[in-house]
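File shown: upload24.tsv. Contents: TSV, C-alpha atoms and all ligand atoms.
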chain	number	residue	atom	x	y	z
A	295	MET	CA	23.78	10.37	14.69
A	296	ASN	CA	26.87	8.40	15.69
A	297	ILE	CA	29.11	9.21	18.61
A	298	ILE	CA	32.81	9.54	17.81
A	299	LEU	CA	35.18	9.15	20.74
A	300	GLN	CA	38.61	10.32	19.65
A	301	MET	CA	41.47	8.29	21.09
A	302	LYS	CA	43.54	11.41	21.65
A	303	GLN	CA	41.69	13.95	23.77
A	304	HIS	CA	44.64	14.74	26.02
A	305	VAL	CA	48.34	15.45	26.16
A	306	GLY	CA	50.34	12.26	25.51
A	307	ASN	CA	49.75	9.23	23.34
A	308	ALA	CA	46.51	8.10	21.74
A	309	CYS	CA	44.61	5.61	23.90
A	310	LYS	CA	44.24	1.96	22.94
A	311	PRO	CA	40.65	0.80	22.28
A	312	ILE	CA	39.52	-2.24	24.34
A	313	VAL	CA	36.13	-2.78	22.61
A	314	LYS	CA	35.15	-4.49	19.35
A	315	PRO	CA	32.62	-3.69	16.60
A	316	GLY	CA	29.17	-5.10	17.40
A	317	GLU	CA	29.72	-4.96	21.17
A	318	GLU	CA	27.00	-3.44	23.39
A	319	VAL	CA	28.34	-0.67	25.64
A	320	LYS	CA	26.86	1.14	28.59
A	321	LYS	CA	27.28	4.82	29.40
A	322	GLY	CA	30.39	5.12	31.58
A	323	GLN	CA	31.93	1.84	30.42
A	324	LEU	CA	35.67	1.94	29.84
A	325	VAL	CA	36.35	1.77	26.08
A	326	ALA	CA	40.02	2.79	25.78
A	327	VAL	CA	43.08	2.86	28.02
A	328	PRO	CA	46.25	4.94	27.86
A	329	GLU	CA	49.49	3.66	26.44
A	330	GLY	CA	52.03	5.77	28.29
A	331	LEU	CA	50.96	9.33	29.10
A	332	GLY	CA	47.19	9.69	28.71
A	333	ALA	CA	43.84	9.13	30.40
A	334	ASN	CA	41.05	6.53	30.28
A	335	ILE	CA	38.20	7.07	27.82
A	336	HIS	CA	34.67	5.87	28.62
A	337	ALA	CA	31.49	5.50	26.55
A	338	SER	CA	29.37	8.64	26.82
A	339	VAL	CA	26.13	6.87	25.75
A	340	TYR	CA	24.41	3.50	25.74
A	341	GLY	CA	24.80	1.91	22.31
A	342	VAL	CA	26.54	-0.52	20.01
A	343	ILE	CA	30.13	-0.16	18.87
A	344	ASP	CA	30.18	0.56	15.13
A	345	THR	CA	33.83	0.99	14.19
A	346	VAL	CA	37.14	0.83	16.02
A	347	THR	CA	40.32	2.39	14.61
A	348	PRO	CA	43.53	3.62	16.27
A	349	GLU	CA	42.07	7.15	15.96
A	350	ALA	CA	38.52	6.71	17.21
A	351	VAL	CA	35.78	4.45	18.56
A	352	THR	CA	32.37	5.06	16.97
A	353	ILE	CA	29.15	4.19	18.82
A	354	ILE	CA	25.63	3.94	17.40
A	355	PRO	CA	23.61	5.30	20.32
A	356	HIS	CA	20.37	3.66	21.48
A	357	ALA	CA	17.20	5.77	21.32
A	358	GLU	CA	16.76	5.45	25.09
A	359	GLN	CA	19.53	7.04	27.14
A	360	PRO	CA	18.95	6.52	30.87
A	361	GLU	CA	20.65	8.92	33.30
A	362	GLU	CA	22.50	6.12	35.11
A	363	TYR	CA	26.07	5.34	34.17
A	364	VAL	CA	28.62	2.65	34.97
A	365	LYS	CA	30.49	3.94	38.00
A	366	ILE	CA	34.24	3.74	38.30
A	367	PRO	CA	35.43	1.30	41.01
A	368	GLU	CA	35.35	2.55	44.60
A	369	PHE	CA	38.71	3.87	45.82
A	370	ASP	CA	39.88	5.28	49.15
A	371	ASN	CA	42.65	6.99	47.22
A	372	LYS	CA	41.19	10.14	45.63
A	373	LEU	CA	44.01	10.45	43.10
A	374	LYS	CA	43.28	6.92	41.90
A	375	ALA	CA	39.60	7.83	41.43
A	376	ILE	CA	40.62	10.85	39.31
A	377	GLU	CA	42.91	8.61	37.22
A	378	GLU	CA	40.27	5.93	36.74
A	379	ALA	CA	37.69	8.57	35.70
A	380	GLY	CA	40.00	9.81	32.92
A	381	VAL	CA	40.05	13.43	34.10
A	382	VAL	CA	42.20	15.80	32.03
A	383	GLY	CA	42.49	19.59	31.90
A	384	ALA	CA	39.13	20.59	30.42
A	385	GLY	CA	40.19	24.17	29.68
A	386	GLY	CA	41.94	23.03	26.52
A	387	ALA	CA	45.30	21.87	27.86
A	388	GLY	CA	44.24	18.24	28.28
A	389	PHE	CA	47.03	17.31	30.68
A	390	PRO	CA	46.08	14.21	32.72
A	391	THR	CA	44.91	15.55	36.10
A	392	HIS	CA	46.05	12.56	38.18
A	393	ILE	CA	49.63	13.25	37.09
A	394	LYS	CA	49.36	17.02	37.63
A	395	LEU	CA	48.04	16.52	41.17
A	396	ASN	CA	50.51	13.82	42.18
A	397	VAL	CA	52.76	16.31	44.02
A	398	ASN	CA	53.45	17.44	47.57
A	399	LEU	CA	52.64	21.16	47.86
A	400	LYS	CA	53.35	21.55	51.59
A	401	GLY	CA	53.42	25.30	52.15
A	402	GLY	CA	51.99	25.90	48.68
A	403	CYS	CA	48.59	26.58	47.20
A	404	ILE	CA	45.87	25.52	44.79
A	405	ILE	CA	44.42	28.20	42.53
A	406	LEU	CA	41.09	27.86	40.76
A	407	ASN	CA	41.44	29.66	37.43
A	408	GLY	CA	38.13	31.47	37.13
A	409	ALA	CA	39.37	34.11	34.68
A	410	GLU	CA	37.05	32.98	31.85
A	411	CYS	CA	39.63	34.75	29.79
A	412	GLU	CA	38.60	34.23	26.17
A	413	PRO	CA	35.81	36.65	25.19
A	414	ILE	CA	32.36	35.15	24.46
A	415	LEU	CA	32.98	31.82	26.23
A	416	SER	CA	30.87	31.69	29.40
A	417	HIS	CA	30.35	28.06	30.44
A	418	ASN	CA	32.89	28.31	33.28
A	419	LEU	CA	31.23	31.50	34.46
A	420	GLN	CA	27.85	29.77	34.56
A	421	LEU	CA	29.35	26.88	36.50
A	422	MET	CA	30.82	29.29	39.08
A	423	GLU	CA	27.46	31.06	39.40
A	424	GLU	CA	25.35	27.91	39.69
A	425	SER	CA	27.60	25.43	41.52
A	426	PRO	CA	30.03	27.34	43.74
A	427	GLU	CA	29.79	24.72	46.50
A	428	VAL	CA	30.95	21.97	44.09
A	429	LEU	CA	34.01	24.03	43.15
A	430	VAL	CA	34.89	24.82	46.76
A	431	ARG	CA	34.58	21.13	47.68
A	432	GLY	CA	36.86	20.40	44.70
A	433	ILE	CA	39.48	22.86	45.93
A	434	LYS	CA	39.35	21.17	49.34
A	435	TYR	CA	39.84	17.72	47.78
A	436	ILE	CA	42.80	18.96	45.74
A	437	LYS	CA	44.29	20.67	48.81
A	438	GLU	CA	44.03	17.35	50.64
A	439	ILE	CA	45.52	15.34	47.74
A	440	THR	CA	48.46	17.71	47.25
A	441	ASN	CA	48.94	18.65	50.91
A	442	ALA	CA	48.61	22.34	49.94
A	443	ASP	CA	48.11	24.90	52.72
A	444	LYS	CA	45.94	27.39	50.92
A	445	GLY	CA	43.32	27.62	48.20
A	446	TYR	CA	42.62	30.69	46.05
A	447	ILE	CA	39.90	31.50	43.57
A	448	ALA	CA	41.23	33.79	40.84
A	449	ILE	CA	38.36	35.68	39.20
A	450	LYS	CA	37.64	39.04	37.56
A	451	GLU	CA	35.75	41.46	39.80
A	452	LYS	CA	33.36	42.29	36.95
A	453	HIS	CA	31.90	38.78	37.14
A	454	ARG	CA	29.81	39.94	40.09
A	455	LYS	CA	27.25	37.13	40.16
A	456	ALA	CA	29.95	34.45	40.26
A	457	VAL	CA	31.95	36.45	42.83
A	458	ARG	CA	28.87	36.73	45.08
A	459	ALA	CA	28.07	33.01	44.76
A	460	LEU	CA	31.64	31.92	45.50
A	461	SER	CA	32.09	34.48	48.33
A	462	LYS	CA	29.05	33.09	50.11
A	463	VAL	CA	30.49	29.56	50.12
A	464	CYS	CA	34.05	30.73	50.87
A	465	SER	CA	32.93	32.72	53.92
A	466	LEU	CA	32.78	29.38	55.75
A	467	GLU	CA	36.30	28.36	54.69
A	468	LYS	CA	39.31	29.84	56.46
A	469	ASP	CA	41.87	28.50	53.98
A	470	ILE	CA	40.17	29.48	50.73
A	471	GLU	CA	40.27	33.07	49.57
A	472	ILE	CA	38.98	34.98	46.55
A	473	LYS	CA	41.50	37.15	44.67
A	474	PHE	CA	40.74	39.47	41.78
A	475	LEU	CA	42.44	39.37	38.40
A	476	PRO	CA	42.79	42.41	36.13
A	477	ASP	CA	40.19	42.63	33.39
A	478	LEU	CA	42.52	42.01	30.47
A	479	TYR	CA	43.53	39.28	28.10
A	480	PRO	CA	45.37	36.97	28.90
A	481	SER	CA	44.64	37.18	32.65
A	482	GLY	CA	43.82	33.45	32.62
A	483	ASP	CA	47.39	32.63	31.62
A	484	GLU	CA	49.02	30.67	34.47
A	485	ARG	CA	51.98	33.02	34.66
A	486	VAL	CA	49.71	36.07	34.84
A	487	ILE	CA	47.72	34.42	37.65
A	488	ILE	CA	50.90	33.63	39.62
A	489	ARG	CA	52.14	37.20	39.12
A	490	GLU	CA	48.83	38.78	40.15
A	491	LEU	CA	48.06	36.50	43.11
A	492	LEU	CA	51.47	35.65	44.54
A	493	GLY	CA	53.58	38.57	43.27
A	494	ILE	CA	56.07	36.18	41.68
A	495	THR	CA	57.18	36.53	38.05
A	496	LEU	CA	57.70	33.12	36.50
A	497	GLU	CA	60.26	33.05	33.70
A	498	PRO	CA	58.98	31.94	30.30
A	499	GLY	CA	58.69	28.15	30.19
A	500	LYS	CA	58.47	27.78	34.01
A	501	LEU	CA	55.45	26.15	35.60
A	502	PRO	CA	53.50	27.35	38.68
A	503	LEU	CA	54.68	24.18	40.44
A	504	GLU	CA	58.17	25.70	40.63
A	505	VAL	CA	56.80	28.23	43.12
A	506	GLY	CA	54.62	25.70	44.97
A	507	ALA	CA	51.35	26.34	43.15
A	508	ILE	CA	48.92	24.43	40.97
A	509	VAL	CA	46.46	26.31	38.76
A	510	GLN	CA	43.34	24.34	37.90
A	511	ASN	CA	40.59	25.08	35.41
A	512	VAL	CA	37.01	25.49	36.73
A	513	GLU	CA	35.41	22.64	34.80
A	514	THR	CA	38.29	20.27	35.55
A	515	ILE	CA	37.55	20.75	39.26
A	516	LYS	CA	33.95	19.72	38.63
A	517	HIS	CA	35.18	16.49	37.01
A	518	VAL	CA	37.46	15.89	40.00
A	519	VAL	CA	34.44	16.20	42.32
A	520	ASN	CA	32.35	13.94	40.05
A	521	ALA	CA	35.06	11.27	40.15
A	522	ILE	CA	35.44	11.41	43.93
A	523	GLU	CA	31.83	11.87	45.06
A	524	ARG	CA	29.76	10.28	42.28
A	525	ARG	CA	32.33	7.83	40.89
A	526	LYS	CA	31.50	9.40	37.54
A	527	PRO	CA	33.91	9.12	34.62
A	528	PHE	CA	34.70	12.12	32.40
A	529	ILE	CA	31.95	11.51	29.81
A	530	THR	CA	30.40	14.96	29.46
A	531	LYS	CA	31.65	18.43	28.56
A	532	ASP	CA	30.57	22.03	29.13
A	533	ILE	CA	30.54	24.19	25.99
A	534	THR	CA	29.55	27.65	24.73
A	535	VAL	CA	28.06	28.06	21.23
A	536	ALA	CA	28.06	31.59	19.81
A	537	GLY	CA	28.41	33.83	16.78
A	538	ARG	CA	26.42	33.44	13.54
A	539	VAL	CA	23.83	31.11	15.05
A	540	LYS	CA	20.25	32.17	15.77
A	541	GLU	CA	20.43	32.09	19.58
A	542	GLY	CA	24.13	32.79	19.78
A	543	LYS	CA	24.28	36.54	20.20
A	544	LYS	CA	25.30	36.35	23.86
A	545	GLY	CA	26.59	32.79	23.63
A	546	LYS	CA	24.49	29.79	24.58
A	547	VAL	CA	25.89	27.52	27.27
A	548	PHE	CA	25.35	23.77	27.34
A	549	LEU	CA	26.48	22.04	30.52
A	550	ASP	CA	27.26	18.32	30.65
A	551	VAL	CA	26.77	17.33	27.01
A	552	PRO	CA	27.92	13.79	26.12
A	553	LEU	CA	31.35	13.54	24.50
A	554	GLY	CA	31.38	12.55	20.85
A	555	TYR	CA	28.36	14.30	19.29
A	556	PRO	CA	29.29	16.40	16.26
A	557	VAL	CA	29.64	20.16	16.56
A	558	SER	CA	26.77	20.55	14.02
A	559	HIS	CA	24.34	19.06	16.58
A	560	TYR	CA	24.92	21.98	18.96
A	561	ILE	CA	24.81	24.54	16.15
A	562	LYS	CA	21.32	23.18	15.34
A	563	LEU	CA	20.34	23.31	19.02
A	564	THR	CA	21.33	26.98	19.03
A	565	GLY	CA	18.85	27.69	16.25
A	566	GLY	CA	21.04	26.93	13.24
A	567	TYR	CA	23.21	29.26	11.18
A	568	VAL	CA	22.57	32.92	10.51
A	569	GLN	CA	23.42	33.74	6.87
A	570	PRO	CA	26.00	34.65	5.80
A	571	PHE	CA	28.41	32.71	7.95
A	572	GLY	CA	32.05	31.70	7.62
A	573	GLU	CA	34.39	29.55	9.64
A	574	ILE	CA	33.46	27.33	12.58
A	575	THR	CA	36.11	28.22	15.14
A	576	LEU	CA	36.70	25.63	17.84
A	577	GLY	CA	37.95	27.10	21.13
A	578	GLY	CA	38.03	30.78	22.02
A	579	PRO	CA	38.29	33.76	19.66
A	580	TYR	CA	41.98	34.32	20.52
A	581	THR	CA	43.35	30.79	20.53
A	582	GLY	CA	40.72	28.75	18.64
A	583	GLN	CA	41.34	26.80	15.45
A	584	ALA	CA	39.27	26.19	12.35
A	585	GLY	CA	36.96	23.19	12.79
A	586	ARG	CA	34.30	21.28	10.87
A	587	GLU	CA	30.66	20.41	11.39
A	588	ASP	CA	31.57	16.77	11.98
A	589	THR	CA	34.27	17.48	14.57
A	590	PRO	CA	33.20	15.58	17.70
A	591	ILE	CA	32.91	17.15	21.15
A	592	SER	CA	36.02	16.15	23.12
A	593	LYS	CA	37.32	16.59	26.66
A	594	ILE	CA	39.23	19.69	25.56
A	595	LEU	CA	36.67	21.46	23.35
A	596	GLY	CA	34.96	24.40	25.07
A	597	GLY	CA	33.83	26.80	22.36
A	598	ILE	CA	31.96	26.49	19.06
A	599	LEU	CA	32.03	29.92	17.42
A	600	VAL	CA	30.54	30.57	13.99
A	601	SER	CA	32.20	33.58	12.38
A	602	MET	CA	31.25	36.01	9.62
A	603	PRO	CA	32.73	35.08	6.24
A	604	PHE	CA	36.28	36.41	6.21
A	605	PRO	CA	36.55	39.53	4.03
A	606	GLN	CA	38.61	38.97	0.88
A	607	GLU	CA	41.87	40.90	0.89
A	608	THR	CA	43.94	41.66	-2.17
A	609	ARG	CA	46.47	43.98	-0.51
A	610	LYS	CA	49.89	42.69	0.54
A	611	MET	CA	49.60	41.39	4.10
A	612	GLY	CA	51.90	41.18	7.12
A	613	ILE	CA	51.23	38.97	10.13
A	614	LEU	CA	52.17	39.72	13.74
A	615	ALA	CA	51.94	36.84	16.21
A	616	CYS	CA	51.45	36.71	19.99
A	617	GLU	CA	52.12	33.73	22.27
A	618	CYS	CA	48.85	34.12	24.12
A	619	GLY	CA	46.70	34.92	21.10
A	620	ALA	CA	46.88	33.80	17.51
A	621	GLN	CA	50.25	32.44	16.46
A	622	GLU	CA	51.79	32.26	12.97
A	623	GLU	CA	50.10	29.05	11.89
A	624	ARG	CA	46.63	30.34	12.78
A	625	LEU	CA	47.25	33.76	11.25
A	626	LYS	CA	48.40	32.12	8.01
A	627	GLU	CA	45.27	29.94	8.03
A	628	ILE	CA	43.11	33.08	8.29
A	629	ALA	CA	45.18	34.91	5.65
A	630	THR	CA	44.69	31.98	3.28
A	631	ALA	CA	40.92	32.04	3.94
A	632	MET	CA	41.00	35.77	3.07
A	633	GLY	CA	42.84	35.04	-0.17
A	634	ALA	CA	45.69	37.30	0.95
A	635	GLU	CA	49.35	37.14	0.05
A	636	VAL	CA	51.52	37.19	3.19
A	637	ILE	CA	54.81	38.96	2.48
A	638	ALA	CA	56.13	39.56	6.03
A	639	GLU	CA	55.92	37.73	9.36
A	640	GLU	CA	56.89	39.07	12.78
A	641	LYS	CA	56.33	38.20	16.42
A	642	CYS	CA	55.48	40.49	19.32
A	643	LYS	CA	58.75	41.91	20.57
A	644	ARG	CA	58.19	40.32	24.00
A	645	MET	CA	58.40	36.83	22.55
A	646	ILE	CA	61.68	35.06	23.24
A	647	GLU	CA	62.92	31.61	22.31
A	648	VAL	CA	62.99	29.07	25.16
A	649	ASN	CA	63.93	25.46	24.37
A	650	GLY	CA	63.06	25.87	20.69
A	651	ARG	CA	59.67	27.49	21.29
A	652	TYR	CA	58.76	31.16	21.32
A	653	ARG	CA	57.21	32.36	24.59
A	654	CYS	CA	56.06	35.69	25.93
A	655	ASP	CA	58.34	37.07	28.63
A	656	SER	CA	55.55	39.00	30.35
A	657	PRO	CA	52.00	38.03	29.34
A	658	GLY	CA	49.48	40.82	29.64
A	659	GLU	CA	52.12	43.57	29.89
A	660	CYS	CA	51.82	44.15	26.19
A	661	PRO	CA	54.01	46.71	24.44
A	662	GLY	CA	53.17	48.94	21.50
A	663	GLN	CA	54.08	47.33	18.20
A	664	ALA	CA	54.73	50.46	16.12
A	665	GLU	CA	58.41	49.67	15.51
A	666	THR	CA	57.69	46.14	14.32
A	667	ILE	CA	54.90	47.36	12.08
A	668	LEU	CA	57.14	50.03	10.54
A	669	THR	CA	59.70	47.30	9.75
A	670	MET	CA	57.00	45.35	7.96
A	671	LYS	CA	55.83	48.46	6.14
A	672	LYS	CA	59.34	48.88	4.78
A	673	LYS	CA	59.02	45.34	3.43
A	674	GLY	CA	55.93	46.46	1.53
A	675	ILE	CA	52.95	45.36	3.61
A	676	GLN	CA	49.74	47.27	2.97
A	677	VAL	CA	47.59	45.59	5.60
A	678	LEU	CA	48.33	43.82	8.91
A	679	LEU	CA	46.74	40.75	10.48
A	680	THR	CA	47.65	40.65	14.15
A	681	GLY	CA	47.23	38.08	16.89
A	682	THR	CA	48.58	40.38	19.59
A	683	CYS	CA	46.13	41.23	22.30
A	684	GLY	CA	47.57	44.48	23.61
A	685	ASP	CA	47.77	46.77	20.61
B	1	LIG	S1	53.35	40.88	25.48
B	1	LIG	FE1	53.10	40.30	23.32
B	1	LIG	S2	53.23	38.07	23.25
B	1	LIG	FE2	52.87	38.70	25.38
B	1	LIG	S3	50.65	38.62	25.66
B	1	LIG	FE3	51.15	40.72	25.09
B	1	LIG	S4	50.97	40.82	22.83
B	1	LIG	FE4	51.05	38.65	23.45
Here is the file; what I need is its structure written in the form of C-alpha cells.
Amino acid sequence: MNIILQMKQHVGNACKPIVKPGEEVKKGQLVAVPEGLGANIHASVYGVIDTVTPEAVTIIPHAEQPEEYVKIPEFDNKLKAIEEAGVVGAGGAGFPTHIKLNVNLKGGCIILNGAECEPILSHNLQLMEESPEVLVRGIKYIKEITNADKGYIAIKEKHRKAVRALSKVCSLEKDIEIKFLPDLYPSGDERVIIRELLGITLEPGKLPLEVGAIVQNVETIKHVVNAIERRKPFITKDITVAGRVKEGKKGKVFLDVPLGYPVSHYIKLTGGYVQPFGEITLGGPYTGQAGREDTPISKILGGILVSMPFPQETRKMGILACECGAQEERLKEIATAMGAEVIAEEKCKRMIEVNGRYRCDSPGECPGQAETILTMKKKGIQVLLTGTCGD
C-alpha cells in the first residue's frame, strides 16, 4: 500500500517536492518545501519514492518501519522549530502555525479549543483525557512565544473525564484556567469561544487576534510540543473512524497514524463496512465533505464517517444553508446523491455578506427558520434539506 503525501495540506500554495523517483527516504525526512504561504512536508515512513508530481509525492513503504525518525534541526527559537516541523492547524483549518503564532499578545491570551464540537469525533477528547500535561506544556510554550499573559482551556462541562484530567494539571498553573463552553453546536467556532470566554462579540469576518486572543486546536498544540521537545516533524495525525463500520458505533480513535495511508486502510482496521453503507464523509457530520476510499490521510483530516445510503427523494426539494454547518455546495451534493430536484435555495437569516462571503452574525444563537421555510413552500418545495444547526 503506497503512501500519498499531498502537496497541499494547508492554507496557501502547494509545496514544491525536493525528492526524485527512486530515492530512498527516511521517516521525518523533508520531502517538500513551501512556495509562499505553506508549511514543510516530511516523509511519514521509511521507503522509496515512487512518483513525484506537483500534486503529490508517492512513497513505497518498506516492510520494516522503525519508531525513530529524522529530527528537525535544533533551534533555540521555538517558532522556528514549529515552522521547520511543518505544523499547521490540525482541526481542519490548515493555517501554518508559525505564522499564526508570530504575534505579540502582551495583555492577551491563548485559548485551547477543547470543544470537540462536531458530534461523533472524539480524538481530541481522548488526547485531553490521556495527555493533559502535554497540552498544558503546549499552552505555556505558546504563551511564551506570543508573550500572552493568560492561557484558557475552553471545554464542555459534560466532558468530565477530560475536565478532571486537565484540572489536575492546571491546579499547578496560576496563569492557565479552565472555562466551560455551552453544550451546543457550534461552540467550537472561534467567535463563539471569544464570546463565551471573554464576553466580546466579534463581528463576522473578524479574527480573535483583533481582541488580543489566539484560539488553538487541541491536536495542533500536541504537534507544537512535539516540534519543540522531540524535534518531531508533523508526520502523524489523530483521527476518528465511525458510522457504518463494524467497530464504529461509538467511533474508534486512532492516535498518531502516519500521513498518507488511504482512508480505506482505517475503515478495514475498524472492522470493515457494515452493509448497507453509503457515502464516506471526511471531516465531521456538520462540515465534512464526500471522500473516497483512496483519499490519503492529511494534516487536516480528522474524521472518516461511513454513512447509511442516502434515501432517494422524488419530491421537490429546498435547501437551507448555515455558515457553521452544511453550506449550499454540500447540500447540493447530498441532494444530487438523493436524486432530488432542488427548486429553492435559502440561507439562515443570520447570514450576512462580508467581503463577498456569507457569514453568520451570531454563531450558536440560532433563530427559528419558519419564515424562510414558508417562503420556500410558496415556491413549491415539498421537502427541505437543511444545514442549519439550531432548528
Ligand atoms: S445562526 Fe444560522 S448560520 Fe449561524 S450558526 Fe445558527 S443556524 Fe448557522
Residues around (43.5, 17.9, 26.8), cut-off 9 Å, counting only C-alpha atoms - what are they as a PyMOL selection string? chain A and resi 302-306+382-390+592-595
For a cutoff of 10 Å around the file-coordinate point (46.8, 17.4, 39.2), which residues qualify once you count all atoms listed in the file? I'd like the result as JSON, numbers by chain. {"A": [373, 376, 377, 381, 382, 383, 389, 390, 391, 392, 393, 394, 395, 396, 397, 404, 436, 439, 440, 508, 509, 510, 514, 515, 518]}
Which residues form the shell of 6 Å around ligand LIG 1 (chain B) when you count all atoms listed in the file, given as JSON, numbers by chain? {"A": [616, 617, 618, 642, 644, 645, 654, 656, 657, 658, 659, 660, 661, 682, 683, 684]}
I need the residue nearest Lys314 (chain A) from this list: A:Ile297, A:Cys464, A:Ala375, A:Ala350. Use only C-alpha atoms for the distance. A:Ala350
Kindly indicate which residue among A:Val342, A:Val551, A:Val512, A:Val648 lies nearest to Asn296 (chain A), using only C-alpha atoms for the distances. A:Val342
Using all atoms listed in the file, determine which residues lie at most 10 Å from Pro552 (chain A), disregarding the query and same-chain residues fewer than 2 positions distant; provide the list as a list in words.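 Returned residues: Ile297, Lys321, Ala337, Ser338, Val339, Phe528, Ile529, Thr530, Lys531, Asp532, Leu549, Asp550, Gly554, Tyr555, Ile591, Ser592 and Lys593 of chain A.
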By how many Å are CA of Ala442 (chain A) and CA of Pro527 (chain A) apart?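 Atom-to-atom, CA of Ala442 (chain A) to CA of Pro527 (chain A), that is 25.0 Å.
Among the candidates A:Gly432, A:Gly662, A:Gly493, A:Gly582, the one nearest to Leu625 (chain A) when counting only C-alpha atoms is A:Gly582.
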Using CA of Lys372 (chain A) and CA of Val430 (chain A) as the two end points, give the distance in Å to one decimal. 16.0 Å
Given the choices A:Leu399, A:Val539, A:Ile312, A:Leu475, which gets closest to Glu438 (chain A) if the distance is worked out from only C-alpha atoms? A:Leu399
Skipping near chain neighbours, those fewer than 6 positions away, what residues fall within 9 Å of Glu423 (chain A) using all atoms listed in the file, listed as a list of chain:residue names?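 Near Glu423 (chain A), the qualifying residues are A:Lys455, A:Ala456, A:Val457, A:Arg458, A:Ala459, A:Leu460.
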Glu639 (chain A): which residues within 12 Å, counting only C-alpha atoms, same-chain residues fewer than 2 positions away excluded, as a PyMOL selection string? chain A and resi 610-616+621-623+625-626+629+635-637+641-642+666-667+669-671+673-675+678-681
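Between CA of Ala333 (chain A) and CA of Ala379 (chain A) the interatomic distance comes to 8.1 Å.
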